[in-house]
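**Student:** This is query.txt, which holds compact mmCIF, C-alpha atoms:
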```
# COMPACT_ATOMS: atom_id res chain seq x y z
CA MET W 1 -8.10 19.53 55.93
CA THR W 2 -11.62 18.53 56.92
CA ARG W 3 -13.11 20.79 54.25
CA ILE W 4 -10.88 19.26 51.59
CA ARG W 5 -11.88 15.75 52.66
CA LYS W 6 -15.57 16.67 52.61
CA PHE W 7 -15.13 18.16 49.14
CA LEU W 8 -13.37 15.03 47.82
CA TYR W 9 -16.03 12.72 49.25
CA ASN W 10 -18.90 14.88 48.05
CA GLN W 11 -21.01 12.95 45.53
CA LYS W 12 -21.47 16.00 43.32
CA ALA W 13 -17.77 16.88 43.27
CA ALA W 14 -16.42 13.32 42.95
CA PRO W 15 -16.95 13.00 39.15
CA TYR W 16 -15.07 16.26 38.55
CA VAL W 17 -12.23 15.16 40.81
CA PHE W 18 -11.81 11.88 38.90
CA VAL W 19 -11.89 13.56 35.50
CA LEU W 20 -9.59 16.42 36.51
CA PRO W 21 -6.28 14.55 35.81
CA PHE W 22 -7.39 13.80 32.25
CA VAL W 23 -8.56 17.36 31.65
CA LEU W 24 -5.29 18.80 32.95
CA THR W 25 -3.23 16.35 30.88
CA PHE W 26 -5.26 17.16 27.76
CA LEU W 27 -4.93 20.91 28.26
CA ILE W 28 -1.21 20.87 29.10
CA PHE W 29 0.06 18.26 26.65
CA PHE W 30 -2.32 18.74 23.69
CA VAL W 31 -4.27 22.01 23.67
CA TYR W 32 -1.40 24.23 24.80
CA PRO W 33 1.16 22.73 22.33
CA VAL W 34 -1.36 23.02 19.47
CA LEU W 35 -2.10 26.66 20.25
CA THR W 36 1.62 27.39 20.56
CA THR W 37 2.26 25.66 17.23
CA ILE W 38 -0.47 27.69 15.54
CA ARG W 39 1.15 30.89 16.78
CA MET W 40 4.64 29.78 15.72
CA SER W 41 3.42 28.80 12.23
CA PHE W 42 2.90 32.50 11.51
CA GLN W 43 6.37 33.41 12.72
CA GLU W 44 10.00 33.06 11.73
CA VAL W 45 11.67 31.66 14.83
CA LEU W 46 15.43 32.09 15.08
CA PRO W 47 17.71 31.97 18.15
CA GLY W 48 16.97 35.15 20.10
CA MET W 49 14.66 36.56 17.42
CA VAL W 50 11.01 36.00 16.55
CA THR W 51 9.43 37.74 13.55
CA ASN W 52 5.79 37.67 12.44
CA VAL W 53 5.62 36.65 8.77
CA GLY W 54 1.87 36.09 8.31
CA TRP W 55 1.00 33.39 5.77
CA LYS W 56 4.51 33.25 4.32
CA ASN W 57 5.29 29.81 5.80
CA TYR W 58 2.13 28.29 4.34
CA GLN W 59 2.69 29.89 0.92
CA ARG W 60 6.20 28.52 0.83
CA LEU W 61 4.99 25.12 1.99
CA LEU W 62 2.43 24.75 -0.80
CA GLY W 63 5.05 25.59 -3.41
CA ASP W 64 7.73 23.26 -2.05
CA ARG W 65 8.39 20.30 -4.34
CA ILE W 66 10.14 18.29 -1.62
CA PHE W 67 7.12 18.70 0.66
CA ARG W 68 4.88 17.29 -2.08
CA THR W 69 7.28 14.34 -2.39
CA ALA W 70 7.06 13.75 1.37
CA VAL W 71 3.26 13.90 1.27
CA GLY W 72 3.16 11.41 -1.60
CA ASN W 73 5.46 9.00 0.25
CA SER W 74 3.39 9.22 3.45
CA PHE W 75 0.13 8.61 1.58
CA ARG W 76 1.54 5.62 -0.29
CA TYR W 77 2.84 4.15 2.95
CA MET W 78 -0.50 4.75 4.68
CA PHE W 79 -2.43 3.22 1.76
CA TRP W 80 -0.43 0.00 1.65
CA THR W 81 -0.27 -0.50 5.41
CA VAL W 82 -4.03 0.04 5.75
CA LEU W 83 -4.71 -2.25 2.80
CA ILE W 84 -2.69 -5.07 4.40
CA LEU W 85 -2.93 -4.49 8.16
CA ILE W 86 -6.73 -4.25 8.32
CA PRO W 87 -7.93 -7.47 6.58
CA MET W 88 -4.93 -9.80 7.03
CA PRO W 89 -4.80 -9.70 10.86
CA LEU W 90 -8.59 -10.10 10.97
CA VAL W 91 -8.42 -13.30 8.93
CA LEU W 92 -5.53 -14.60 11.03
CA ALA W 93 -7.35 -13.74 14.27
CA TYR W 94 -10.45 -15.57 13.05
CA MET W 95 -8.34 -18.63 12.28
CA LEU W 96 -6.59 -18.48 15.67
CA ASN W 97 -9.97 -18.17 17.40
CA SER W 98 -11.30 -21.27 15.68
CA ARG W 99 -11.77 -24.46 17.68
CA LEU W 100 -10.09 -26.36 14.85
CA MET W 101 -6.85 -24.37 15.13
CA VAL W 102 -3.96 -26.42 16.51
CA ALA W 103 -1.39 -24.73 18.82
CA SER W 104 -3.18 -21.39 18.58
CA GLU W 105 -1.47 -20.07 21.74
CA PHE W 106 1.94 -20.76 20.22
CA PHE W 107 1.13 -18.92 17.01
CA ARG W 108 -0.30 -15.97 18.94
CA GLY W 109 2.95 -15.62 20.81
CA VAL W 110 5.07 -15.94 17.67
CA LEU W 111 3.02 -13.33 15.80
CA PHE W 112 3.14 -10.91 18.73
CA LEU W 113 6.93 -11.17 19.30
CA PRO W 114 7.98 -8.62 16.60
CA ILE W 115 6.33 -5.71 18.42
CA LEU W 116 8.64 -6.36 21.37
CA VAL W 117 11.61 -5.57 19.13
CA ASN W 118 12.63 -1.92 19.40
CA VAL W 119 11.98 0.04 16.21
CA VAL W 120 15.66 1.07 16.09
CA VAL W 121 16.72 -2.58 16.14
CA ALA W 122 14.02 -3.55 13.64
CA GLY W 123 15.08 -0.78 11.25
CA THR W 124 18.72 -1.86 11.47
CA ILE W 125 17.81 -5.49 10.81
CA PHE W 126 15.74 -4.60 7.75
CA ARG W 127 18.47 -2.27 6.46
CA LEU W 128 20.86 -5.22 6.53
CA MET W 129 18.28 -7.53 4.97
CA PHE W 130 17.76 -5.12 2.07
CA GLY W 131 21.43 -4.27 1.68
CA GLU W 132 23.13 -3.69 -1.66
CA LEU W 133 25.75 -6.43 -1.34
CA PRO W 134 25.13 -9.78 -3.07
CA GLY W 135 25.32 -11.49 0.33
CA SER W 136 22.38 -9.56 1.84
CA PHE W 137 19.32 -11.65 2.65
CA MET W 138 17.00 -10.32 -0.07
CA ASN W 139 19.68 -10.47 -2.76
CA THR W 140 20.42 -14.02 -1.66
CA VAL W 141 16.76 -14.83 -2.22
CA ARG W 142 16.95 -13.28 -5.68
CA ALA W 143 20.10 -15.30 -6.44
CA PHE W 144 18.23 -18.48 -5.48
CA PHE W 145 15.79 -17.77 -8.31
CA GLY W 146 18.60 -16.88 -10.71
CA LEU W 147 18.11 -13.10 -10.52
CA GLU W 148 20.76 -10.41 -10.27
CA PRO W 149 21.22 -8.44 -7.02
CA ILE W 150 19.64 -5.00 -6.89
CA LYS W 151 19.98 -1.88 -4.75
CA TRP W 152 16.75 -2.20 -2.80
CA LEU W 153 16.93 1.04 -0.83
CA ARG W 154 17.94 3.20 -3.79
CA GLN W 155 14.77 2.59 -5.80
CA LYS W 156 11.39 4.12 -5.10
CA GLU W 157 9.25 0.97 -5.40
CA THR W 158 11.55 -1.45 -3.57
CA GLY W 159 12.30 1.10 -0.85
CA MET W 160 8.59 1.55 -0.14
CA ALA W 161 8.13 -2.23 -0.22
CA ALA W 162 10.79 -2.57 2.48
CA LEU W 163 9.02 0.02 4.65
CA VAL W 164 5.64 -1.66 4.26
CA LEU W 165 7.09 -5.10 4.91
CA MET W 166 8.68 -3.88 8.14
CA ALA W 167 5.36 -2.34 9.23
CA CYS W 168 3.50 -5.58 8.52
CA TRP W 169 6.13 -7.62 10.38
CA ARG W 170 5.91 -5.38 13.46
CA TRP W 171 2.19 -4.61 13.71
CA THR W 172 0.36 -7.71 12.48
CA GLY W 173 0.49 -9.33 15.93
CA VAL W 174 -0.87 -6.23 17.68
CA ASN W 175 -3.84 -5.97 15.32
CA ILE W 176 -4.47 -9.70 15.77
CA LEU W 177 -4.78 -9.13 19.52
CA TYR W 178 -7.30 -6.32 18.95
CA TYR W 179 -9.40 -8.56 16.73
CA LEU W 180 -9.08 -11.57 19.03
CA ALA W 181 -10.41 -9.53 21.95
CA ALA W 182 -13.47 -8.63 19.86
CA LEU W 183 -13.98 -12.16 18.52
CA LYS W 184 -13.86 -13.59 22.05
CA ASN W 185 -16.94 -11.50 22.91
CA ILE W 186 -19.05 -13.22 20.24
CA PRO W 187 -21.09 -15.97 21.95
CA LEU W 188 -20.28 -19.47 20.74
CA GLU W 189 -24.02 -20.13 20.40
CA MET W 190 -24.22 -17.68 17.50
CA TYR W 191 -21.64 -19.67 15.53
CA GLU W 192 -23.48 -22.89 16.35
CA ALA W 193 -26.81 -21.41 15.26
CA ALA W 194 -25.33 -20.22 11.99
CA GLU W 195 -23.80 -23.66 11.41
CA ILE W 196 -27.15 -25.32 12.04
CA ASP W 197 -28.72 -22.97 9.49
CA GLY W 198 -26.23 -24.24 6.92
CA ALA W 199 -23.67 -21.41 6.91
CA ASN W 200 -20.19 -22.52 5.92
CA GLY W 201 -16.95 -21.14 7.35
CA TRP W 202 -16.70 -18.21 4.91
CA GLN W 203 -20.35 -17.24 5.46
CA ARG W 204 -19.91 -17.30 9.24
CA PHE W 205 -16.87 -15.09 8.89
CA ARG W 206 -18.44 -12.69 6.36
CA HIS W 207 -21.95 -12.35 7.80
CA LEU W 208 -21.39 -12.99 11.51
CA ALA W 209 -17.84 -12.22 12.67
CA VAL W 210 -17.10 -9.16 10.53
CA PRO W 211 -20.29 -7.20 11.40
CA LEU W 212 -19.89 -7.93 15.12
CA VAL W 213 -16.27 -6.77 15.25
CA LYS W 214 -16.95 -3.65 13.15
CA PRO W 215 -16.21 -1.23 16.05
CA THR W 216 -12.77 -2.83 16.45
CA ILE W 217 -12.16 -2.67 12.70
CA ILE W 218 -12.98 1.05 12.74
CA TYR W 219 -10.64 1.59 15.70
CA VAL W 220 -7.77 -0.26 14.00
CA LEU W 221 -8.43 1.66 10.78
CA THR W 222 -8.36 4.99 12.63
CA ILE W 223 -5.06 4.38 14.39
CA SER W 224 -3.56 2.87 11.22
CA ILE W 225 -4.33 6.02 9.21
CA TYR W 226 -2.73 8.20 11.85
CA ALA W 227 0.28 5.88 12.23
CA GLY W 228 0.78 5.77 8.47
CA LEU W 229 0.83 9.55 8.11
CA ALA W 230 2.96 10.07 11.23
CA MET W 231 5.60 7.44 10.43
CA PHE W 232 9.18 8.67 10.81
CA THR W 233 11.47 6.46 12.90
CA GLU W 234 11.11 3.44 10.61
CA SER W 235 12.21 5.45 7.59
CA TYR W 236 15.00 7.15 9.54
CA MET W 237 16.46 3.82 10.64
CA LEU W 238 15.97 2.02 7.33
CA TRP W 239 18.05 4.64 5.49
CA ALA W 240 20.34 5.32 8.49
CA GLY W 241 19.31 8.97 8.52
CA ASN W 242 16.80 11.44 7.14
CA ASN W 243 18.47 11.76 3.71
CA SER W 244 17.34 8.87 1.53
CA PRO W 245 18.36 8.82 -2.17
CA ARG W 246 16.15 11.29 -4.09
CA ASN W 247 14.00 11.54 -0.92
CA ILE W 248 12.33 8.21 -1.68
CA GLY W 249 11.95 7.54 2.06
CA LEU W 250 11.15 11.09 3.18
CA THR W 251 7.84 11.37 5.05
CA ILE W 252 5.86 14.38 6.28
CA VAL W 253 7.28 14.00 9.78
CA GLY W 254 10.74 13.49 8.30
CA TYR W 255 10.33 16.74 6.37
CA LEU W 256 9.19 18.45 9.59
CA TYR W 257 12.26 17.11 11.38
CA ARG W 258 14.54 18.31 8.59
CA GLN W 259 13.12 21.82 8.59
CA GLY W 260 12.71 22.24 12.34
CA TRP W 261 15.75 20.53 13.86
CA GLU W 262 18.25 20.08 11.07
CA GLN W 263 17.76 23.52 9.46
CA ASN W 264 16.45 25.40 12.52
CA ARG W 265 13.24 26.68 10.88
CA MET W 266 10.81 26.13 13.74
CA GLY W 267 8.14 28.44 12.36
CA PHE W 268 8.08 26.66 9.02
CA ALA W 269 8.17 23.27 10.76
CA SER W 270 5.15 24.33 12.85
CA ALA W 271 3.22 24.97 9.64
CA VAL W 272 4.17 21.49 8.41
CA GLY W 273 2.95 19.95 11.68
CA LEU W 274 -0.40 21.75 11.51
CA VAL W 275 -0.93 20.66 7.91
CA LEU W 276 -0.24 17.06 8.98
CA LEU W 277 -2.70 17.35 11.87
CA LEU W 278 -5.36 18.83 9.59
CA VAL W 279 -4.91 16.21 6.87
CA ALA W 280 -4.99 13.30 9.34
CA SER W 281 -8.09 14.72 11.04
CA ILE W 282 -9.94 15.21 7.74
CA ILE W 283 -9.14 11.71 6.48
CA ASN W 284 -10.20 10.11 9.75
CA PHE W 285 -13.38 12.19 9.88
CA ILE W 286 -14.27 11.06 6.35
CA GLN W 287 -13.67 7.38 7.13
CA LEU W 288 -15.65 7.65 10.39
CA ARG W 289 -18.49 9.26 8.45
CA ILE W 290 -18.38 6.53 5.80
CA THR W 291 -18.29 3.74 8.39
CA GLY W 292 -21.25 5.24 10.22
CA VAL W 293 -19.61 6.46 13.42
CA PHE W 294 -20.53 10.07 12.63
CA GLY W 295 -23.59 11.40 10.88
CA LYS W 296 -26.10 8.61 11.54
CA GLU W 297 -29.02 8.85 13.89
CA ARG W 298 -29.03 6.30 16.66
CA ASP W 299 -32.13 4.49 17.74
```
Written as structure tokens, how would this file's structure read?
**Tutor:**
Amino acid sequence: MTRIRKFLYNQKAAPYVFVLPFVLTFLIFFVYPVLTTIRMSFQEVLPGMVTNVGWKNYQRLLGDRIFRTAVGNSFRYMFWTVLILIPMPLVLAYMLNSRLMVASEFFRGVLFLPILVNVVVAGTIFRLMFGELPGSFMNTVRAFFGLEPIKWLRQKETGMAALVLMACWRWTGVNILYYLAALKNIPLEMYEAAEIDGANGWQRFRHLAVPLVKPTIIYVLTISIYAGLAMFTESYMLWAGNNSPRNIGLTIVGYLYRQGWEQNRMGFASAVGLVLLLVASIINFIQLRITGVFGKERD
């Protein structure tokens, strides 16, 4: 017992002791599952039988039309959510951080409330909002403008619009909090100095606030890319299952779920998961390189 205590209180050993829980968690819950998935992607896994099939799963994957549809849906969803959920919350956070903003605490709370709603509940609410009946909320809005009701979740464009709208409703408040935390770290004197130099509100935002919160913007962009490609539950709840009309709501993870759990093709599903991991990693590496996180020499 004394030796263990001496080891734990040893200055040389202490850093390794503190980092050990993270290392173990990383190895057990990330490295081991990834290695297992790589091995399974070259196998055909059936109950009580495992067969090595080489590159057959990947060859089949590249030639699968439904997989290409799922990839296209995921990329469109990622594109629109990134396009909206990066700049819009930043502008709103800048406004809420302004001294001229009235009742800013109230608006912060209101904007953050949607994330407290469970995704299952949110998906059900939006499914009812975009229902086919004339009395659904969105068709009532169309009727107000003299337009005919439409089947929102049976068309490719309107179905994607519903998904993106739900994402914006749920995640705008969270991104606002990220940006607010960064904006709070900017000294007030810098705004005052810029104002004395004649900078207007837009110039202070463009040339002062945005460059100083760039690390937060990159962080939000990184997690938004991953979240966009990995989206599944929202689509599953919006269409009340994983079988949307003509697969207009099928995502990469939804395709993985269909192959692995619904059709019991775990080897093929493992190949889908690895392709998703590779694509997300490449896209994030490219954006980190473009934004200067990787590949630039530091002073």
**Student:** What's around range 65-82 of chain W at 10 Å? Count only C-alpha atoms, leave out sequence neighbours fewer than 5 positions away in its own chain, and write the answer as a ChimeraX atom specification.
**Tutor:** /W:60,87-88,156,160-161,163-168,171,220-232,246-256,272,276
**Student:** Quick one: distance from CA of Val34 in chain W to CA of Thr216 in chain W in Å, one decimal?
**Tutor:**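 CA of Thr216 in chain W lies at a distance of 28.4 Å from CA of Val34 in chain W.
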**Student:** For a cut-off of 12 Å around (-16.8, -15.9, 8.8), file coordinates, pick out all residues using only C-alpha atoms and list them as a PyMOL selection string.
**Tutor:** chain W and resi 90-95+97-98+183+186+190-191+194-195+199-213
**Student:** Give as an MDAnalysis selection string each residue that has an atom at most 12 Å from (8.9, -6.4, 17.9) in the file, counting all atoms listed in the file.
**Tutor:** chainID W and resid 109:123 125 166:174
**Student:** Quick one: distance from CA of Ala280 in chain W to CA of Tyr219 in chain W in Å, one decimal?
**Tutor:**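 Interatomic distance, CA of Ala280 in chain W to CA of Tyr219 in chain W: 14.5 Å.
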**Student:** For range 94-98 of chain W, I'd like the enclosing box, axis-aligned and padded by 8 Å on every side, reported as lines of an AutoDock Vina configuration file with centre and edge lengths in Å to one decimal.
**Tutor:**
```
center_x = -8.9
center_y = -18.4
center_z = 14.8
size_x = 20.7
size_y = 21.7
size_z = 21.1
```
**Student:** Contacts of Ile38 in chain W at 10 Å or less, counting all atoms listed in the file, minus same-chain residues fewer than 4 places along, as an NGL selection string?
**Tutor:** :W and (32-34 or 42-43 or 267 or 270-271 or 273-274)
**Student:** Quick one: of W:Ala14, W:Leu288, W:Ile217, W:Ile150, who's nearest to Gly135 in chain W, counting all atoms listed in the file?
**Tutor:**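 Using all atoms listed in the file, the shortest distance to Gly135 in chain W belongs to W:Ile150.
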**Student:** Report the distance between CA of Glu189 in chain W and CA of Lys214 in chain W in Å, rounded to one decimal place.
**Tutor:**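 According to the coordinates, CA of Glu189 in chain W and CA of Lys214 in chain W are separated by 19.3 Å.
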**Student:** W:Ile28, W:Leu20, W:Leu61, W:Met237: which is nearest Val275 in chain W, counting all atoms listed in the file?
**Tutor:**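 Among W:Ile28, W:Leu20, W:Leu61, W:Met237, it is W:Leu61 that comes nearest to Val275 in chain W.
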